[in-house]
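Take a look at the structure set out below.
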Amino acid sequence: MKAVKYALLFMMLLLVPASAGTLSAEQEGFVNNNTTLYTQVGMWYEFNKRSNYNQTVSTNYSVGIYLPPNSEIVLTNDYNRKGIFFTYQGEKIMLQNIAKYSKVNVSELVARTFGANKVDLSAFSKAEREQIMSGKVEVGMSKDAVRIARGYPPAHMTPSLERDSWKYWENRWNTTLVNFKEGKVSEIIN
């Protein structure tokens, strides 16, 4: 029954048109249930003084506290056109979407960031699992391991995960280029 409920959540999340700023009445009802989910990718969050709450953004800067994949979170009933709030170990955090960089809407961002089940890390080597759980990218990691460790690179700089170069933002000013050869990290340029 839970699997059906979670499947419905993701179908409802994907029904919101890209131009929509808020959740539909159905999504609102589901979110109000304080749904427990798991992070599907690593992300960082920090306290934003201007907004006065913890925040992680779709550009996924590697600044602040690292929230590894498979972290149990609870979606709350707070959301707006910029993002949605969740709690992690009692801390309220906003997942903010910067659509001009992510190229997805809030619903799509939520659907690729959170899931009903934990990510299966058993297919990765021990070294990759350690890097994933610490949010690090190192030479030799697979594309999937990098995506799970760092999240999705901003789409305005990396329009396709099929490319052999992914650009991540470390903060508002600095980027890191991750180059792949035959599906594995071959070079990291800071």
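Numbering starts fresh at 1 for the residues of each chain in the structure tokens, the chains themselves are lettered A, B, ... in the order given, and ligands are numbered from 1 as they appear.
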
What residues in range 19-181 of chain A get the DSSP label strand (DSSP E)? Please answer as number ranges by chain.
A: 36-39, 43-48, 53-57, 65-67, 72-80, 83-88, 91-96, 114-115, 165-169, 175-181

Write out as a PyMOL selection string which residues come within 10 Å of Lys181 in chain A when counting only C-alpha atoms, dropping same-chain ones fewer than 2 positions away.
chain A and resi 140+142-143+164-165+179+183-187

Generate the output file for the selected residues, C-alpha atoms, as an mmCIF file, in the first residue's frame.
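Dumped everything to out_36.cif:
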```cif
data_model
loop_
_atom_site.group_PDB
_atom_site.id
_atom_site.type_symbol
_atom_site.label_atom_id
_atom_site.label_comp_id
_atom_site.auth_asym_id
_atom_site.auth_seq_id
_atom_site.Cartn_x
_atom_site.Cartn_y
_atom_site.Cartn_z
ATOM 1 C CA GLY A 140 37.817 6.402 -11.196
ATOM 2 C CA SER A 142 31.381 6.052 -12.345
ATOM 3 C CA LYS A 143 28.915 8.650 -13.621
ATOM 4 C CA ASP A 164 31.671 13.455 -20.854
ATOM 5 C CA SER A 165 32.115 16.742 -18.957
ATOM 6 C CA ASN A 179 35.650 14.897 -17.086
ATOM 7 C CA GLY A 183 32.001 6.323 -18.077
ATOM 8 C CA LYS A 184 34.567 6.900 -15.307
ATOM 9 C CA VAL A 185 36.024 10.111 -13.886
ATOM 10 C CA SER A 186 39.297 10.751 -15.691
ATOM 11 C CA GLU A 187 40.042 14.301 -14.557
#
```

Might you pull out every residue within 6 Å of range 49-61 of chain A, with only C-alpha atoms counted and same-chain residues fewer than 6 positions away left off, and present them as JSON, numbers by chain?
{"A": [93, 94, 95, 96, 97, 98, 154, 169, 170, 171]}

Could you write out the selected residues, including N, CA, C and O atoms, as a PDB file, in the first residue's frame?
```pdb
ATOM      1  N   ILE A  93      14.442  22.585   6.403  1.00  0.00           N
ATOM      2  CA  ILE A  93      15.307  22.963   5.285  1.00  0.00           C
ATOM      3  C   ILE A  93      14.442  23.218   4.062  1.00  0.00           C
ATOM      4  O   ILE A  93      13.510  22.470   3.791  1.00  0.00           O
ATOM      5  N   MET A  94      14.765  24.275   3.313  1.00  0.00           N
ATOM      6  CA  MET A  94      14.064  24.528   2.053  1.00  0.00           C
ATOM      7  C   MET A  94      14.912  24.025   0.894  1.00  0.00           C
ATOM      8  O   MET A  94      16.089  24.354   0.794  1.00  0.00           O
ATOM      9  N   LEU A  95      14.308  23.196   0.044  1.00  0.00           N
ATOM     10  CA  LEU A  95      14.911  22.810  -1.221  1.00  0.00           C
ATOM     11  C   LEU A  95      14.449  23.854  -2.224  1.00  0.00           C
ATOM     12  O   LEU A  95      13.295  23.858  -2.646  1.00  0.00           O
ATOM     13  N   GLN A  96      15.348  24.792  -2.549  1.00  0.00           N
ATOM     14  CA  GLN A  96      14.988  25.900  -3.430  1.00  0.00           C
ATOM     15  C   GLN A  96      15.374  25.572  -4.862  1.00  0.00           C
ATOM     16  O   GLN A  96      16.492  25.134  -5.128  1.00  0.00           O
ATOM     17  N   ASN A  97      14.442  25.804  -5.755  1.00  0.00           N
ATOM     18  CA  ASN A  97      14.695  25.589  -7.168  1.00  0.00           C
ATOM     19  C   ASN A  97      15.053  26.914  -7.837  1.00  0.00           C
ATOM     20  O   ASN A  97      14.304  27.871  -7.737  1.00  0.00           O
ATOM     21  N   ILE A  98      16.188  26.935  -8.497  1.00  0.00           N
ATOM     22  CA  ILE A  98      16.557  28.073  -9.345  1.00  0.00           C
ATOM     23  C   ILE A  98      16.411  27.557 -10.771  1.00  0.00           C
ATOM     24  O   ILE A  98      17.340  26.993 -11.350  1.00  0.00           O
ATOM     25  N   PRO A 154      24.161  21.569 -12.555  1.00  0.00           N
ATOM     26  CA  PRO A 154      23.229  22.555 -13.114  1.00  0.00           C
ATOM     27  C   PRO A 154      23.101  22.390 -14.636  1.00  0.00           C
ATOM     28  O   PRO A 154      24.100  22.356 -15.352  1.00  0.00           O
ATOM     29  N   TRP A 169      28.988  23.658  -9.451  1.00  0.00           N
ATOM     30  CA  TRP A 169      29.341  24.871  -8.731  1.00  0.00           C
ATOM     31  C   TRP A 169      29.760  24.480  -7.325  1.00  0.00           C
ATOM     32  O   TRP A 169      29.041  23.767  -6.630  1.00  0.00           O
ATOM     33  N   GLU A 170      30.898  24.971  -6.902  1.00  0.00           N
ATOM     34  CA  GLU A 170      31.329  24.746  -5.522  1.00  0.00           C
ATOM     35  C   GLU A 170      30.668  25.779  -4.605  1.00  0.00           C
ATOM     36  O   GLU A 170      30.348  25.496  -3.466  1.00  0.00           O
ATOM     37  N   ASN A 171      30.519  26.985  -5.131  1.00  0.00           N
ATOM     38  CA  ASN A 171      29.840  28.090  -4.449  1.00  0.00           C
ATOM     39  C   ASN A 171      29.396  29.054  -5.553  1.00  0.00           C
ATOM     40  O   ASN A 171      29.431  28.687  -6.725  1.00  0.00           O
TER      41      ASN A 171
END
```

Per DSSP on the backbone, what are the alpha helix (DSSP H) residues of range 7-179 of chain A, as a PDB file with N, CA and C atoms, in the first residue's frame?
```
ATOM      1  N   ALA A   7       4.117   5.998  -5.300  1.00  0.00           N
ATOM      2  CA  ALA A   7       4.026   6.091  -6.756  1.00  0.00           C
ATOM      3  C   ALA A   7       3.053   7.203  -7.146  1.00  0.00           C
ATOM      4  N   LEU A   8       1.938   7.301  -6.416  1.00  0.00           N
ATOM      5  CA  LEU A   8       0.975   8.368  -6.681  1.00  0.00           C
ATOM      6  C   LEU A   8       1.583   9.744  -6.437  1.00  0.00           C
ATOM      7  N   LEU A   9       2.398   9.871  -5.386  1.00  0.00           N
ATOM      8  CA  LEU A   9       3.059  11.146  -5.106  1.00  0.00           C
ATOM      9  C   LEU A   9       3.874  11.595  -6.309  1.00  0.00           C
ATOM     10  N   PHE A  10       4.695  10.712  -6.840  1.00  0.00           N
ATOM     11  CA  PHE A  10       5.572  11.112  -7.926  1.00  0.00           C
ATOM     12  C   PHE A  10       4.804  11.361  -9.208  1.00  0.00           C
ATOM     13  N   MET A  11       3.743  10.621  -9.446  1.00  0.00           N
ATOM     14  CA  MET A  11       2.910  10.898 -10.617  1.00  0.00           C
ATOM     15  C   MET A  11       2.258  12.266 -10.465  1.00  0.00           C
ATOM     16  N   MET A  12       1.771  12.586  -9.262  1.00  0.00           N
ATOM     17  CA  MET A  12       1.133  13.888  -9.037  1.00  0.00           C
ATOM     18  C   MET A  12       2.154  15.009  -9.153  1.00  0.00           C
ATOM     19  N   LEU A  13       3.367  14.781  -8.652  1.00  0.00           N
ATOM     20  CA  LEU A  13       4.395  15.814  -8.737  1.00  0.00           C
ATOM     21  C   LEU A  13       4.735  16.127 -10.181  1.00  0.00           C
ATOM     22  N   LEU A  14       4.733  15.112 -11.027  1.00  0.00           N
ATOM     23  CA  LEU A  14       5.084  15.325 -12.422  1.00  0.00           C
ATOM     24  C   LEU A  14       3.950  15.942 -13.235  1.00  0.00           C
ATOM     25  N   ALA A  25      -3.855  20.912  -5.819  1.00  0.00           N
ATOM     26  CA  ALA A  25      -4.612  20.562  -4.615  1.00  0.00           C
ATOM     27  C   ALA A  25      -4.309  19.128  -4.195  1.00  0.00           C
ATOM     28  N   GLU A  26      -4.161  18.221  -5.171  1.00  0.00           N
ATOM     29  CA  GLU A  26      -3.839  16.827  -4.848  1.00  0.00           C
ATOM     30  C   GLU A  26      -2.458  16.715  -4.214  1.00  0.00           C
ATOM     31  N   GLN A  27      -1.484  17.417  -4.797  1.00  0.00           N
ATOM     32  CA  GLN A  27      -0.136  17.389  -4.246  1.00  0.00           C
ATOM     33  C   GLN A  27      -0.121  18.014  -2.859  1.00  0.00           C
ATOM     34  N   GLU A  28      -0.843  19.106  -2.702  1.00  0.00           N
ATOM     35  CA  GLU A  28      -0.905  19.780  -1.412  1.00  0.00           C
ATOM     36  C   GLU A  28      -1.428  18.816  -0.348  1.00  0.00           C
ATOM     37  N   GLY A  29      -2.476  18.079  -0.679  1.00  0.00           N
ATOM     38  CA  GLY A  29      -3.024  17.108   0.256  1.00  0.00           C
ATOM     39  C   GLY A  29      -2.029  16.029   0.613  1.00  0.00           C
ATOM     40  N   PHE A  30      -1.261  15.590  -0.365  1.00  0.00           N
ATOM     41  CA  PHE A  30      -0.270  14.549  -0.103  1.00  0.00           C
ATOM     42  C   PHE A  30       0.856  15.087   0.765  1.00  0.00           C
ATOM     43  N   VAL A  31       1.358  16.284   0.423  1.00  0.00           N
ATOM     44  CA  VAL A  31       2.444  16.886   1.192  1.00  0.00           C
ATOM     45  C   VAL A  31       2.004  17.154   2.626  1.00  0.00           C
ATOM     46  N   ALA A  99      15.198  27.706 -11.299  1.00  0.00           N
ATOM     47  CA  ALA A  99      14.804  27.055 -12.552  1.00  0.00           C
ATOM     48  C   ALA A  99      15.678  27.435 -13.741  1.00  0.00           C
ATOM     49  N   LYS A 100      16.192  28.660 -13.775  1.00  0.00           N
ATOM     50  CA  LYS A 100      17.019  29.041 -14.933  1.00  0.00           C
ATOM     51  C   LYS A 100      18.328  28.253 -14.963  1.00  0.00           C
ATOM     52  N   TYR A 101      18.730  27.667 -13.850  1.00  0.00           N
ATOM     53  CA  TYR A 101      19.930  26.831 -13.799  1.00  0.00           C
ATOM     54  C   TYR A 101      19.593  25.337 -13.805  1.00  0.00           C
ATOM     55  N   SER A 102      18.538  24.953 -13.109  1.00  0.00           N
ATOM     56  CA  SER A 102      18.196  23.531 -13.036  1.00  0.00           C
ATOM     57  C   SER A 102      17.456  23.048 -14.280  1.00  0.00           C
ATOM     58  N   VAL A 106       9.662  22.802  -9.739  1.00  0.00           N
ATOM     59  CA  VAL A 106       9.776  22.325  -8.362  1.00  0.00           C
ATOM     60  C   VAL A 106       9.376  20.859  -8.254  1.00  0.00           C
ATOM     61  N   SER A 107       8.306  20.486  -8.918  1.00  0.00           N
ATOM     62  CA  SER A 107       7.840  19.099  -8.854  1.00  0.00           C
ATOM     63  C   SER A 107       8.882  18.128  -9.395  1.00  0.00           C
ATOM     64  N   GLU A 108       9.483  18.473 -10.525  1.00  0.00           N
ATOM     65  CA  GLU A 108      10.528  17.612 -11.102  1.00  0.00           C
ATOM     66  C   GLU A 108      11.750  17.551 -10.193  1.00  0.00           C
ATOM     67  N   LEU A 109      12.096  18.674  -9.583  1.00  0.00           N
ATOM     68  CA  LEU A 109      13.228  18.699  -8.657  1.00  0.00           C
ATOM     69  C   LEU A 109      12.969  17.783  -7.466  1.00  0.00           C
ATOM     70  N   VAL A 110      11.775  17.855  -6.904  1.00  0.00           N
ATOM     71  CA  VAL A 110      11.416  16.994  -5.775  1.00  0.00           C
ATOM     72  C   VAL A 110      11.472  15.527  -6.191  1.00  0.00           C
ATOM     73  N   ALA A 111      10.934  15.212  -7.371  1.00  0.00           N
ATOM     74  CA  ALA A 111      10.872  13.823  -7.833  1.00  0.00           C
ATOM     75  C   ALA A 111      12.249  13.210  -8.033  1.00  0.00           C
ATOM     76  N   ARG A 112      13.246  14.010  -8.450  1.00  0.00           N
ATOM     77  CA  ARG A 112      14.572  13.440  -8.651  1.00  0.00           C
ATOM     78  C   ARG A 112      15.459  13.536  -7.402  1.00  0.00           C
ATOM     79  N   THR A 113      15.018  14.294  -6.407  1.00  0.00           N
ATOM     80  CA  THR A 113      15.802  14.480  -5.192  1.00  0.00           C
ATOM     81  C   THR A 113      15.397  13.530  -4.081  1.00  0.00           C
ATOM     82  N   LYS A 126      33.645  -0.365  -2.717  1.00  0.00           N
ATOM     83  CA  LYS A 126      33.751   0.169  -1.355  1.00  0.00           C
ATOM     84  C   LYS A 126      34.239   1.622  -1.394  1.00  0.00           C
ATOM     85  N   ALA A 127      35.235   1.894  -2.229  1.00  0.00           N
ATOM     86  CA  ALA A 127      35.777   3.254  -2.340  1.00  0.00           C
ATOM     87  C   ALA A 127      34.700   4.222  -2.840  1.00  0.00           C
ATOM     88  N   GLU A 128      33.925   3.807  -3.844  1.00  0.00           N
ATOM     89  CA  GLU A 128      32.858   4.671  -4.357  1.00  0.00           C
ATOM     90  C   GLU A 128      31.798   4.920  -3.288  1.00  0.00           C
ATOM     91  N   ARG A 129      31.429   3.894  -2.543  1.00  0.00           N
ATOM     92  CA  ARG A 129      30.427   4.071  -1.477  1.00  0.00           C
ATOM     93  C   ARG A 129      30.917   5.083  -0.442  1.00  0.00           C
ATOM     94  N   GLU A 130      32.189   5.017  -0.082  1.00  0.00           N
ATOM     95  CA  GLU A 130      32.756   5.983   0.875  1.00  0.00           C
ATOM     96  C   GLU A 130      32.725   7.389   0.301  1.00  0.00           C
ATOM     97  N   GLN A 131      33.073   7.531  -0.983  1.00  0.00           N
ATOM     98  CA  GLN A 131      33.058   8.844  -1.619  1.00  0.00           C
ATOM     99  C   GLN A 131      31.627   9.377  -1.730  1.00  0.00           C
ATOM    100  N   ILE A 132      30.687   8.508  -2.068  1.00  0.00           N
ATOM    101  CA  ILE A 132      29.282   8.913  -2.154  1.00  0.00           C
ATOM    102  C   ILE A 132      28.813   9.438  -0.806  1.00  0.00           C
ATOM    103  N   MET A 133      29.103   8.709   0.258  1.00  0.00           N
ATOM    104  CA  MET A 133      28.605   9.093   1.576  1.00  0.00           C
ATOM    105  C   MET A 133      29.294  10.338   2.131  1.00  0.00           C
ATOM    106  N   SER A 134      30.415  10.751   1.530  1.00  0.00           N
ATOM    107  CA  SER A 134      31.082  11.980   1.966  1.00  0.00           C
ATOM    108  C   SER A 134      30.913  13.122   0.965  1.00  0.00           C
ATOM    109  N   LYS A 143      29.841   7.519 -13.512  1.00  0.00           N
ATOM    110  CA  LYS A 143      28.915   8.650 -13.621  1.00  0.00           C
ATOM    111  C   LYS A 143      27.798   8.537 -12.584  1.00  0.00           C
ATOM    112  N   ASP A 144      27.242   7.338 -12.413  1.00  0.00           N
ATOM    113  CA  ASP A 144      26.170   7.162 -11.431  1.00  0.00           C
ATOM    114  C   ASP A 144      26.652   7.497 -10.023  1.00  0.00           C
ATOM    115  N   ALA A 145      27.866   7.084  -9.679  1.00  0.00           N
ATOM    116  CA  ALA A 145      28.410   7.374  -8.347  1.00  0.00           C
ATOM    117  C   ALA A 145      28.570   8.878  -8.149  1.00  0.00           C
ATOM    118  N   VAL A 146      29.033   9.576  -9.188  1.00  0.00           N
ATOM    119  CA  VAL A 146      29.198  11.038  -9.100  1.00  0.00           C
ATOM    120  C   VAL A 146      27.836  11.709  -8.929  1.00  0.00           C
ATOM    121  N   ARG A 147      26.851  11.300  -9.717  1.00  0.00           N
ATOM    122  CA  ARG A 147      25.511  11.895  -9.629  1.00  0.00           C
ATOM    123  C   ARG A 147      24.901  11.677  -8.241  1.00  0.00           C
ATOM    124  N   ILE A 148      25.074  10.500  -7.688  1.00  0.00           N
ATOM    125  CA  ILE A 148      24.518  10.226  -6.367  1.00  0.00           C
ATOM    126  C   ILE A 148      25.284  10.997  -5.290  1.00  0.00           C
ATOM    127  N   ALA A 149      26.595  11.100  -5.428  1.00  0.00           N
ATOM    128  CA  ALA A 149      27.420  11.819  -4.439  1.00  0.00           C
ATOM    129  C   ALA A 149      27.184  13.319  -4.473  1.00  0.00           C
ATOM    130  N   ARG A 150      27.155  13.911  -5.663  1.00  0.00           N
ATOM    131  CA  ARG A 150      27.091  15.372  -5.815  1.00  0.00           C
ATOM    132  C   ARG A 150      25.737  15.904  -6.232  1.00  0.00           C
TER     133      ARG A 150
END
```

Of the listed residues A:Asn105, A:Ser160, A:Asn117, A:Asn48, that which approaches Glu72 in chain A most closely, counting only C-alpha atoms:
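Going through A:Asn105, A:Ser160, A:Asn117, A:Asn48 one by one, the smallest distance to Glu72 in chain A is for A:Asn117.
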
State, in Å with one decimal place, the distance from CA of Val63 in chain A to CA of Gly42 in chain A.
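For CA of Val63 in chain A relative to CA of Gly42 in chain A, the distance reads 12.0 Å.
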
List the neighbours of Ile189 in chain A out to 10 Å using only C-alpha atoms; skip same-chain residues closer than 2 positions along the sequence, and give me the result as a PyMOL selection string.
chain A and resi 167+175-179+187

Using only C-alpha atoms: which of A:Phe47, A:Trp173, A:Tyr152, A:Phe180 has the shortest distance to Val104 in chain A:
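Between A:Phe47, A:Trp173, A:Tyr152, A:Phe180, the residue approaching Val104 in chain A most closely is A:Tyr152.
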
Spatial neighbours of Tyr66 in chain A, max dist 7 Å, only C-alpha atoms, sep filter under 4 positions, as a short mmCIF file (atom, residue, chain, number, x, y, z; two decimals) with N, CA and C atoms, in the first residue's frame:
```
data_model
loop_
_atom_site.label_atom_id
_atom_site.label_comp_id
_atom_site.auth_asym_id
_atom_site.auth_seq_id
_atom_site.Cartn_x
_atom_site.Cartn_y
_atom_site.Cartn_z
N MET A 43 23.48 16.33 -1.00
CA MET A 43 23.26 17.77 -1.12
C MET A 43 23.82 18.46 0.12
N TRP A 44 24.08 19.73 -0.01
CA TRP A 44 24.56 20.53 1.11
C TRP A 44 23.50 21.54 1.48
N TYR A 45 23.45 21.86 2.75
CA TYR A 45 22.52 22.90 3.18
C TYR A 45 23.23 23.79 4.20
#
```

Could you state the separation of CA of Phe124 in chain A and CA of Met141 in chain A in Å, given to one decimal place?
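If I compute the distance from CA of Phe124 in chain A to CA of Met141 in chain A, I get 9.0 Å.
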